[in-house]
>>> print(open('final_21.json').read())   # JSON, C-alpha atoms
[["chain", "number", "residue", "atom", "x", "y", "z"],
["A", 1, "MET", "CA", -35.79, 19.95, 12.62],
["A", 2, "ASN", "CA", -36.80, 16.50, 13.78],
["A", 3, "GLU", "CA", -37.24, 15.51, 10.19],
["A", 4, "THR", "CA", -33.62, 16.23, 9.31],
["A", 5, "ALA", "CA", -32.08, 15.06, 12.57],
["A", 6, "HIS", "CA", -31.54, 11.50, 11.39],
["A", 7, "ILE", "CA", -29.70, 12.55, 8.25],
["A", 8, "GLU", "CA", -26.02, 12.88, 9.14],
["A", 9, "HIS", "CA", -23.57, 14.87, 7.13],
["A", 10, "ARG", "CA", -21.08, 12.54, 5.52],
["A", 11, "ASP", "CA", -18.29, 13.27, 3.12],
["A", 12, "TYR", "CA", -16.86, 9.97, 1.92],
["A", 13, "VAL", "CA", -15.06, 11.50, -1.05],
["A", 14, "GLY", "CA", -13.37, 14.01, 1.27],
["A", 15, "ALA", "CA", -12.42, 11.30, 3.77],
["A", 16, "LYS", "CA", -10.90, 9.11, 1.08],
["A", 17, "LEU", "CA", -9.17, 12.03, -0.61],
["A", 18, "GLY", "CA", -7.58, 12.94, 2.72],
["A", 19, "MET", "CA", -6.34, 9.37, 3.12],
["A", 20, "TRP", "CA", -4.93, 9.31, -0.41],
["A", 21, "LEU", "CA", -3.10, 12.61, 0.19],
["A", 22, "PHE", "CA", -1.53, 11.07, 3.28],
["A", 23, "LEU", "CA", -0.55, 8.00, 1.26],
["A", 24, "PHE", "CA", 1.13, 10.31, -1.28],
["A", 25, "THR", "CA", 3.41, 11.61, 1.49],
["A", 26, "GLU", "CA", 4.20, 7.97, 2.31],
["A", 27, "ILE", "CA", 5.11, 7.33, -1.33],
["A", 28, "LEU", "CA", 7.46, 10.33, -1.18],
["A", 29, "LEU", "CA", 8.97, 9.09, 2.11],
["A", 30, "PHE", "CA", 9.79, 5.68, 0.66],
["A", 31, "GLY", "CA", 10.58, 7.29, -2.72],
["A", 32, "GLY", "CA", 13.44, 9.16, -1.06],
["A", 33, "MET", "CA", 14.83, 5.90, 0.28],
["A", 34, "PHE", "CA", 14.46, 4.20, -3.11],
["A", 35, "LEU", "CA", 16.43, 7.11, -4.58],
["A", 36, "VAL", "CA", 19.29, 6.52, -2.11],
["A", 37, "TYR", "CA", 19.18, 2.78, -2.84],
["A", 38, "SER", "CA", 19.24, 3.20, -6.62],
["A", 39, "VAL", "CA", 22.12, 5.70, -6.53],
["A", 40, "TYR", "CA", 24.28, 3.57, -4.21],
["A", 41, "ARG", "CA", 23.46, 0.47, -6.23],
["A", 42, "GLU", "CA", 24.57, 2.24, -9.41],
["A", 43, "VAL", "CA", 27.86, 3.26, -7.76],
["A", 44, "ASN", "CA", 28.52, -0.09, -5.99],
["A", 45, "THR", "CA", 26.87, -2.62, -8.36],
["A", 46, "ALA", "CA", 29.19, -5.55, -7.63],
["A", 47, "ASP", "CA", 29.07, -5.08, -3.84],
["A", 48, "PHE", "CA", 25.27, -4.94, -3.85],
["A", 49, "HIS", "CA", 25.16, -8.09, -5.96],
["A", 50, "GLU", "CA", 27.41, -9.98, -3.52],
["A", 51, "ALA", "CA", 25.67, -8.66, -0.40],
["A", 52, "GLY", "CA", 22.35, -9.86, -1.86],
["A", 53, "MET", "CA", 23.66, -13.42, -1.56],
["A", 54, "GLU", "CA", 23.59, -13.10, 2.24],
["A", 55, "MET", "CA", 19.81, -12.65, 2.12],
["A", 56, "ASN", "CA", 17.39, -15.46, 2.77],
["A", 57, "MET", "CA", 15.24, -15.49, -0.37],
["A", 58, "THR", "CA", 12.79, -18.07, 0.99],
["A", 59, "ILE", "CA", 11.84, -16.00, 4.03],
["A", 60, "GLY", "CA", 11.40, -12.95, 1.77],
["A", 61, "ALA", "CA", 9.18, -14.91, -0.63],
["A", 62, "VAL", "CA", 7.09, -16.30, 2.26],
["A", 63, "ASN", "CA", 6.64, -12.77, 3.64],
["A", 64, "THR", "CA", 5.59, -11.58, 0.17],
["A", 65, "LEU", "CA", 2.92, -14.29, 0.02],
["A", 66, "ILE", "CA", 1.78, -13.41, 3.56],
["A", 67, "LEU", "CA", 1.35, -9.71, 2.71],
["A", 68, "LEU", "CA", -0.38, -10.42, -0.63],
["A", 69, "THR", "CA", -2.82, -12.76, 1.11],
["A", 70, "SER", "CA", -3.43, -10.22, 3.89],
["A", 71, "SER", "CA", -4.29, -7.64, 1.22],
["A", 72, "LEU", "CA", -6.84, -10.08, -0.21],
["A", 73, "THR", "CA", -8.45, -10.67, 3.22],
["A", 74, "MET", "CA", -8.52, -6.89, 3.81],
["A", 75, "ALA", "CA", -10.32, -6.32, 0.49],
["A", 76, "LEU", "CA", -12.74, -9.16, 1.32],
["A", 77, "SER", "CA", -13.52, -7.66, 4.74],
["A", 78, "ILE", "CA", -14.59, -4.42, 3.00],
["A", 79, "SER", "CA", -16.71, -6.42, 0.50],
["A", 80, "ALA", "CA", -18.33, -8.19, 3.44],
["A", 81, "ILE", "CA", -19.18, -5.00, 5.35],
["A", 82, "LYS", "CA", -20.69, -3.51, 2.16],
["A", 83, "ARG", "CA", -23.05, -6.49, 2.13],
["A", 84, "ALA", "CA", -23.72, -5.83, 5.85],
["A", 85, "ALA", "CA", -22.13, -9.19, 6.74],
["A", 86, "LYS", "CA", -20.69, -7.98, 10.06],
["A", 87, "MET", "CA", -19.22, -11.22, 11.43],
["A", 88, "ARG", "CA", -17.71, -12.14, 8.07],
["A", 89, "SER", "CA", -16.03, -8.74, 7.89],
["A", 90, "ILE", "CA", -14.70, -9.10, 11.46],
["A", 91, "LEU", "CA", -13.37, -12.56, 10.63],
["A", 92, "PHE", "CA", -11.48, -11.25, 7.59],
["A", 93, "GLN", "CA", -10.11, -8.31, 9.63],
["A", 94, "ALA", "CA", -8.88, -10.76, 12.28],
["A", 95, "VAL", "CA", -7.21, -12.93, 9.61],
["A", 96, "THR", "CA", -5.51, -9.80, 8.22],
["A", 97, "ILE", "CA", -4.16, -8.97, 11.70],
["A", 98, "ILE", "CA", -2.92, -12.55, 12.20],
["A", 99, "LEU", "CA", -1.14, -12.49, 8.81],
["A", 100, "GLY", "CA", 0.43, -9.13, 9.73],
["A", 101, "ILE", "CA", 1.73, -10.64, 12.98],
["A", 102, "ALA", "CA", 3.03, -13.68, 11.06],
["A", 103, "PHE", "CA", 4.96, -11.27, 8.81],
["A", 104, "LEU", "CA", 6.56, -9.66, 11.87],
["A", 105, "VAL", "CA", 7.42, -13.03, 13.43],
["A", 106, "ASN", "CA", 9.22, -14.00, 10.20],
["A", 107, "LYS", "CA", 10.97, -10.63, 10.25],
["A", 108, "TYR", "CA", 12.11, -11.31, 13.84],
["A", 109, "PHE", "CA", 13.65, -14.67, 12.90],
["A", 110, "GLU", "CA", 15.22, -13.16, 9.80],
["A", 111, "TRP", "CA", 16.82, -10.24, 11.64],
["A", 112, "SER", "CA", 18.03, -12.36, 14.57],
["A", 113, "ASP", "CA", 19.59, -14.72, 12.04],
["A", 114, "HIS", "CA", 21.48, -11.82, 10.44],
["A", 115, "ILE", "CA", 22.58, -10.53, 13.85],
["A", 116, "ARG", "CA", 23.79, -14.03, 14.83],
["A", 117, "HIS", "CA", 25.89, -14.10, 11.66],
["A", 118, "GLY", "CA", 27.38, -10.73, 12.64],
["A", 119, "PHE", "CA", 25.49, -8.56, 10.14],
["A", 120, "TYR", "CA", 24.10, -5.59, 12.03],
["A", 121, "PRO", "CA", 24.83, -1.86, 11.88],
["A", 122, "ASP", "CA", 28.36, -1.10, 13.13],
["A", 123, "SER", "CA", 29.18, -4.78, 13.71],
["A", 124, "PRO", "CA", 32.93, -5.56, 13.50],
["A", 125, "LYS", "CA", 32.31, -8.11, 10.72],
["A", 126, "LEU", "CA", 30.34, -5.62, 8.63],
["A", 127, "LEU", "CA", 32.77, -2.72, 9.17],
["A", 128, "ALA", "CA", 35.62, -4.91, 7.88],
["A", 129, "MET", "CA", 33.73, -5.35, 4.60],
["A", 130, "SER", "CA", 33.71, -3.11, 1.55],
["A", 131, "HIS", "CA", 31.93, 0.24, 1.53],
["A", 132, "GLY", "CA", 29.14, -1.00, -0.79],
["A", 133, "LYS", "CA", 28.24, -3.93, 1.47],
["A", 134, "ILE", "CA", 28.04, -1.65, 4.52],
["A", 135, "LEU", "CA", 25.66, 0.58, 2.54],
["A", 136, "PHE", "CA", 23.57, -2.42, 1.42],
["A", 137, "PHE", "CA", 23.04, -3.64, 4.97],
["A", 138, "GLY", "CA", 22.44, -0.12, 6.24],
["A", 139, "LEU", "CA", 19.73, 0.41, 3.63],
["A", 140, "TYR", "CA", 18.33, -3.06, 4.29],
["A", 141, "TYR", "CA", 17.87, -2.37, 8.00],
["A", 142, "VAL", "CA", 16.48, 1.15, 7.49],
["A", 143, "MET", "CA", 14.07, 0.34, 4.65],
["A", 144, "THR", "CA", 12.71, -2.98, 5.91],
["A", 145, "GLY", "CA", 12.74, -1.51, 9.45],
["A", 146, "ILE", "CA", 10.57, 1.48, 8.52],
["A", 147, "HIS", "CA", 8.37, -0.86, 6.49],
["A", 148, "ALA", "CA", 8.01, -3.16, 9.52],
["A", 149, "LEU", "CA", 7.08, -0.11, 11.61],
["A", 150, "HIS", "CA", 4.31, 0.55, 9.07],
["A", 151, "VAL", "CA", 3.13, -3.06, 9.46],
["A", 152, "VAL", "CA", 2.96, -2.55, 13.25],
["A", 153, "ILE", "CA", 0.94, 0.68, 12.77],
["A", 154, "GLY", "CA", -1.29, -1.06, 10.20],
["A", 155, "ILE", "CA", -2.03, -3.93, 12.60],
["A", 156, "SER", "CA", -2.90, -1.42, 15.36],
["A", 157, "ILE", "CA", -5.25, 0.49, 13.05],
["A", 158, "ILE", "CA", -7.04, -2.66, 11.86],
["A", 159, "GLY", "CA", -7.32, -3.80, 15.50],
["A", 160, "PHE", "CA", -8.91, -0.47, 16.37],
["A", 161, "ILE", "CA", -11.32, -0.70, 13.40],
["A", 162, "LEU", "CA", -12.19, -4.27, 14.43],
["A", 163, "ILE", "CA", -13.37, -2.96, 17.81],
["A", 164, "LEU", "CA", -15.37, -0.21, 16.04],
["A", 165, "THR", "CA", -16.97, -2.87, 13.80],
["A", 166, "LEU", "CA", -17.89, -4.94, 16.87],
["A", 167, "ARG", "CA", -19.53, -1.82, 18.34],
["A", 168, "ASP", "CA", -21.38, -1.13, 15.04],
["A", 169, "SER", "CA", -19.58, 2.19, 14.70],
["A", 170, "VAL", "CA", -18.31, 0.74, 11.41],
["A", 171, "SER", "CA", -21.26, -0.87, 9.67],
["A", 172, "GLY", "CA", -22.88, -1.64, 6.32],
["A", 173, "THR", "CA", -24.01, 1.99, 6.02],
["A", 174, "ASP", "CA", -20.85, 3.67, 7.33],
["A", 175, "TYR", "CA", -17.60, 1.92, 6.53],
["A", 176, "VAL", "CA", -15.25, 4.63, 5.26],
["A", 177, "LYS", "CA", -12.97, 4.12, 8.30],
["A", 178, "LEU", "CA", -12.49, 0.48, 7.32],
["A", 179, "GLU", "CA", -11.87, 1.49, 3.69],
["A", 180, "ASN", "CA", -9.19, 4.00, 4.73],
["A", 181, "ALA", "CA", -7.53, 1.44, 7.03],
["A", 182, "GLY", "CA", -7.54, -0.89, 4.02],
["A", 183, "LEU", "CA", -5.92, 1.75, 1.81],
["A", 184, "PHE", "CA", -3.08, 2.10, 4.34],
["A", 185, "TRP", "CA", -2.63, -1.68, 4.56],
["A", 186, "HIS", "CA", -2.55, -2.06, 0.77],
["A", 187, "LEU", "CA", 0.07, 0.69, 0.46],
["A", 188, "VAL", "CA", 2.28, -1.17, 2.96],
["A", 189, "ASP", "CA", 1.84, -4.19, 0.66],
["A", 190, "VAL", "CA", 2.75, -2.12, -2.45],
["A", 191, "ILE", "CA", 5.99, -0.94, -0.79],
["A", 192, "TRP", "CA", 6.93, -4.52, 0.12],
["A", 193, "ILE", "CA", 6.33, -5.55, -3.52],
["A", 194, "TYR", "CA", 9.28, -3.28, -4.41],
["A", 195, "LEU", "CA", 11.43, -4.12, -1.36],
["A", 196, "PHE", "CA", 11.31, -7.86, -2.07],
["A", 197, "PRO", "CA", 13.18, -7.90, -5.43],
["A", 198, "LEU", "CA", 15.55, -5.07, -4.39],
["A", 199, "PHE", "CA", 16.85, -6.84, -1.28],
["A", 200, "TYR", "CA", 16.03, -10.53, -1.50],
["A", 201, "LEU", "CA", 16.68, -11.41, -5.12],
["A", 202, "ILE", "CA", 20.26, -11.40, -6.30],
["A", 203, "LEU", "CA", 20.10, -8.89, -9.13],
["B", 1, "MET", "CA", -25.97, 51.44, -7.95],
["B", 2, "VAL", "CA", -28.07, 48.37, -8.12],
["B", 3, "ARG", "CA", -27.23, 45.44, -6.08],
["B", 4, "THR", "CA", -28.90, 42.13, -6.50],
["B", 5, "TYR", "CA", -29.19, 39.81, -3.65],
["B", 6, "PHE", "CA", -30.04, 36.18, -4.09],
["B", 7, "LYS", "CA", -31.95, 34.69, -1.30],
["B", 8, "ILE", "CA", -32.45, 30.98, -1.43],
["B", 9, "THR", "CA", -35.05, 29.62, 0.85],
["B", 10, "VAL", "CA", -34.73, 26.00, 1.71],
["B", 11, "THR", "CA", -37.47, 24.48, 3.71],
["B", 12, "GLU", "CA", -36.49, 21.72, 6.08],
["B", 13, "LYS", "CA", -38.57, 19.30, 4.08],
["B", 14, "SER", "CA", -36.93, 20.04, 0.76],
["B", 15, "TRP", "CA", -33.50, 19.92, 2.46],
["B", 16, "ALA", "CA", -34.31, 16.48, 3.84],
["B", 17, "GLU", "CA", -35.48, 15.37, 0.40],
["B", 18, "ALA", "CA", -32.27, 16.62, -1.20],
["B", 19, "CYS", "CA", -30.18, 14.78, 1.38],
["B", 20, "LEU", "CA", -32.15, 11.62, 0.80],
["B", 21, "ARG", "CA", -31.73, 11.95, -2.97],
["B", 22, "LYS", "CA", -27.98, 12.31, -2.55],
["B", 23, "LYS", "CA", -27.91, 9.27, -0.29],
["B", 24, "ILE", "CA", -29.85, 7.18, -2.80],
["B", 25, "MET", "CA", -27.50, 8.28, -5.58],
["B", 26, "GLU", "CA", -24.50, 7.28, -3.48],
["B", 27, "GLN", "CA", -26.07, 3.93, -2.72],
["B", 28, "LYS", "CA", -26.70, 3.33, -6.43],
["B", 29, "HIS", "CA", -23.05, 4.17, -7.09],
["B", 30, "GLU", "CA", -22.02, 1.69, -4.40],
["B", 31, "GLU", "CA", -24.22, -1.01, -5.95],
["B", 32, "ARG", "CA", -22.71, -0.39, -9.36],
["B", 33, "THR", "CA", -19.25, -0.71, -7.89],
["B", 34, "HIS", "CA", -19.96, -3.85, -5.94],
["B", 35, "VAL", "CA", -16.92, -5.96, -6.72],
["B", 36, "PRO", "CA", -17.55, -9.71, -6.80],
["B", 37, "THR", "CA", -15.29, -11.82, -4.52],
["B", 38, "ARG", "CA", -14.15, -13.70, -7.63],
["B", 39, "VAL", "CA", -12.39, -10.57, -8.96],
["B", 40, "PHE", "CA", -10.31, -10.20, -5.78],
["B", 41, "VAL", "CA", -9.36, -13.88, -5.79],
["B", 42, "ILE", "CA", -8.28, -13.72, -9.45],
["B", 43, "VAL", "CA", -6.16, -10.63, -8.73],
["B", 44, "TRP", "CA", -4.56, -12.45, -5.77],
["B", 45, "ILE", "CA", -3.74, -15.48, -7.97],
["B", 46, "ALA", "CA", -2.19, -13.13, -10.56],
["B", 47, "LEU", "CA", -0.10, -11.48, -7.81],
["B", 48, "VAL", "CA", 1.16, -14.86, -6.55],
["B", 49, "CYS", "CA", 2.04, -15.95, -10.13],
["B", 50, "LEU", "CA", 3.91, -12.67, -10.72],
["B", 51, "THR", "CA", 5.87, -13.26, -7.49],
["B", 52, "GLY", "CA", 6.94, -16.64, -8.88],
["B", 53, "LEU", "CA", 7.84, -14.96, -12.18],
["B", 54, "THR", "CA", 9.97, -12.30, -10.48],
["B", 55, "ILE", "CA", 11.98, -15.02, -8.66],
["B", 56, "LYS", "CA", 12.44, -16.90, -11.96],
["B", 57, "ALA", "CA", 13.53, -13.68, -13.71],
["B", 58, "ALA", "CA", 16.15, -13.06, -11.01],
["B", 59, "GLN", "CA", 17.54, -16.61, -11.32],
["B", 60, "MET", "CA", 17.94, -16.33, -15.10],
["B", 61, "LYS", "CA", 21.09, -14.19, -14.63],
["B", 62, "MET", "CA", 20.32, -11.67, -17.34],
["B", 63, "GLY", "CA", 22.70, -9.10, -15.92],
["B", 64, "GLU", "CA", 21.29, -5.58, -16.09],
["B", 65, "TRP", "CA", 18.09, -6.84, -17.68],
["B", 66, "SER", "CA", 17.09, -8.85, -14.61],
["B", 67, "MET", "CA", 16.83, -5.54, -12.71],
["B", 68, "VAL", "CA", 14.65, -4.10, -15.48],
["B", 69, "ALA", "CA", 12.49, -7.24, -15.56],
["B", 70, "ASN", "CA", 12.06, -7.21, -11.77],
["B", 71, "ILE", "CA", 11.08, -3.51, -11.69],
["B", 72, "VAL", "CA", 8.56, -4.06, -14.51],
["B", 73, "ILE", "CA", 7.03, -7.08, -12.71],
["B", 74, "ALA", "CA", 6.96, -5.21, -9.36],
["B", 75, "SER", "CA", 5.24, -2.24, -11.04],
["B", 76, "THR", "CA", 2.66, -4.56, -12.62],
["B", 77, "LYS", "CA", 1.95, -6.07, -9.18],
["B", 78, "ALA", "CA", 1.73, -2.61, -7.58],
["B", 79, "SER", "CA", -0.70, -1.49, -10.32],
["B", 80, "LEU", "CA", -2.92, -4.52, -9.72],
["B", 81, "VAL", "CA", -3.04, -3.74, -5.99],
["B", 82, "LEU", "CA", -3.78, -0.03, -6.62],
["B", 83, "TRP", "CA", -6.37, -0.66, -9.34],
["B", 84, "PHE", "CA", -8.39, -3.46, -7.71],
["B", 85, "PHE", "CA", -7.56, -3.82, -4.00],
["B", 86, "MET", "CA", -7.33, -0.05, -3.45],
["B", 87, "HIS", "CA", -10.49, 0.43, -5.55],
["B", 88, "LEU", "CA", -8.99, 3.00, -7.93],
["B", 89, "LYS", "CA", -10.92, 1.36, -10.78],
["B", 90, "TYR", "CA", -14.17, 2.30, -9.08],
["B", 91, "GLU", "CA", -13.23, 5.78, -7.81],
["B", 92, "LYS", "CA", -13.92, 9.16, -9.33],
["B", 93, "ARG", "CA", -11.54, 10.37, -12.03],
["B", 94, "VAL", "CA", -9.79, 12.80, -9.67],
["B", 95, "PHE", "CA", -8.39, 9.85, -7.66],
["B", 96, "LYS", "CA", -7.13, 8.11, -10.79],
["B", 97, "LEU", "CA", -5.31, 11.25, -11.91],
["B", 98, "LEU", "CA", -3.98, 12.36, -8.51],
["B", 99, "ILE", "CA", -2.02, 9.14, -7.96],
["B", 100, "PHE", "CA", 0.24, 10.22, -10.82],
["B", 101, "VAL", "CA", 1.35, 13.33, -8.90],
["B", 102, "PRO", "CA", 3.59, 11.48, -6.36],
["B", 103, "LEU", "CA", 4.61, 8.86, -8.95],
["B", 104, "ILE", "CA", 5.75, 11.48, -11.47],
["B", 105, "THR", "CA", 7.43, 13.50, -8.69],
["B", 106, "VAL", "CA", 9.46, 10.48, -7.56],
["B", 107, "SER", "CA", 10.28, 9.55, -11.18],
["B", 108, "ILE", "CA", 11.54, 13.07, -11.94],
["B", 109, "ILE", "CA", 13.66, 13.17, -8.77],
["B", 110, "ILE", "CA", 15.23, 9.76, -9.46],
["B", 111, "GLY", "CA", 15.58, 10.48, -13.22],
["B", 112, "LEU", "CA", 17.30, 13.84, -12.74],
["B", 113, "THR", "CA", 19.65, 12.37, -10.10],
["B", 114, "PHE", "CA", 20.71, 9.70, -12.56],
["B", 115, "PHE", "CA", 21.43, 12.30, -15.24],
["B", 116, "ASP", "CA", 23.88, 13.75, -12.74],
["B", 117, "ILE", "CA", 25.46, 10.36, -11.96],
["B", 118, "TRP", "CA", 25.77, 9.18, -15.54],
["B", 119, "TYR", "CA", 26.99, 12.39, -17.20],
["B", 120, "ARG", "CA", 28.96, 14.07, -14.44]]
>>> encode(input="final_21.json", output="structure tokens")
Amino acid sequence: MNETAHIEHRDYVGAKLGMWLFLFTEILLFGGMFLVYSVYREVNTADFHEAGMEMNMTIGAVNTLILLTSSLTMALSISAIKRAAKMRSILFQAVTIILGIAFLVNKYFEWSDHIRHGFYPDSPKLLAMSHGKILFFGLYYVMTGIHALHVVIGISIIGFILILTLRDSVSGTDYVKLENAGLFWHLVDVIWIYLFPLFYLIL
Amino acid sequence: MVRTYFKITVTEKSWAEACLRKKIMEQKHEERTHVPTRVFVIVWIALVCLTGLTIKAAQMKMGEWSMVANIVIASTKASLVLWFFMHLKYEKRVFKLLIFVPLITVSIIIGLTFFDIWYR
């Protein structure tokens, strides 16, 4: 038995498949919201077009660049751990977390700006507007809000993995936890890729 | 009635050897799928360029077509992230095929809803 004791049972394919199945449920969750968006846009095209002008395109573009770059650093942290470069991987994970926080800080300024201008759910200014504009802002707060919640969860997971990497629980020979955290982070990026044109560009 | 029983005897040594063989095979697979940093950086540059393109497409005021253009560009960006950053290119075939299950499901749901809206 001593001979086999050091060989652990690992199922990387199973672990990744499980993560992908979870991500599929996330695609369906956001898919439902995209369905609601597309139907209301089709019914209230002009209102959605006008409401889009209230959006700050620059802050949306900056947040897109932040998330794209954070996806790159996440991918590089996995590359690094595969080469057993522990500190390099930790550095890239930390950069990913910082970029995630930067995204949320931007989001905070963006939302407080909207609230200052009187655009928030049930605000008197918004309720006086047309039905389509109320729907646009409702969808904007729900969809970017749930996305932001995913960013918060993603940051927490990467932070947790960073501690595991420091403790060598995630290492050059066992890094599937980091890979799965990366998959989650990239999916959050993919969803933002769609949210950006739908809300921030005047279509 | 004849019943046949199969009895497979695995000695601890041969079990250990099999495990080791599997591990070596997995390591070889990992080495084959070692993505150079350059690939990730190129993908990132492409993603940034496509972001610029999507903003340009929106400013061109093409009416309905700007929505189409933006969805096409967004889908290209999403595919790049899935294929390279999410390692789908280097995964087993089952992963590459499974991703179509939620995508087709969402497409069917949205497509059928629009049939209702357009032809009601």
>>> interface_residues(input="final_21.json", of="chain A", to="chain B", cutoff="6 Å", atoms="all atoms listed in the file", output="CSV table (one decimal) with C-alpha atoms, keeping the file's coordinate frame")
chain,number,residue,atom,x,y,z
A,4,THR,CA,-33.6,16.2,9.3
A,24,PHE,CA,1.1,10.3,-1.3
A,31,GLY,CA,10.6,7.3,-2.7
A,35,LEU,CA,16.4,7.1,-4.6
A,75,ALA,CA,-10.3,-6.3,0.5
A,183,LEU,CA,-5.9,1.8,1.8
A,190,VAL,CA,2.8,-2.1,-2.4
A,193,ILE,CA,6.3,-5.6,-3.5
A,194,TYR,CA,9.3,-3.3,-4.4
A,203,LEU,CA,20.1,-8.9,-9.1
>>> atom_distance(input="final_21.json", atom1="atom CA of Ala46 of chain A", atom2="atom CA of Trp192 of chain A")
23.6 Å
>>> atom_distance(input="final_21.json", atom1="atom CA of Val39 of chain B", atom2="atom CA of Ala69 of chain B")
26.0 Å
>>> atom_distance(input="final_21.json", atom1="atom CA of Glu54 of chain A", atom2="atom CA of Gly145 of chain A")
17.4 Å
>>> residues_near_point(input="final_21.json", point="(6.4, -0.7, 10.1)", cutoff="12 Å", atoms="all atoms listed in the file", output="NGL selection string")
:A and (26 or 30 or 100-101 or 103-104 or 107 or 141-156 or 184-185 or 187-189 or 191-192)
>>> residues_around(input="final_21.json", residues="Ala102 of chain A", least_positions_apart="5", cutoff="9 Å", atoms="only C-alpha atoms", output="count of residues only")
4
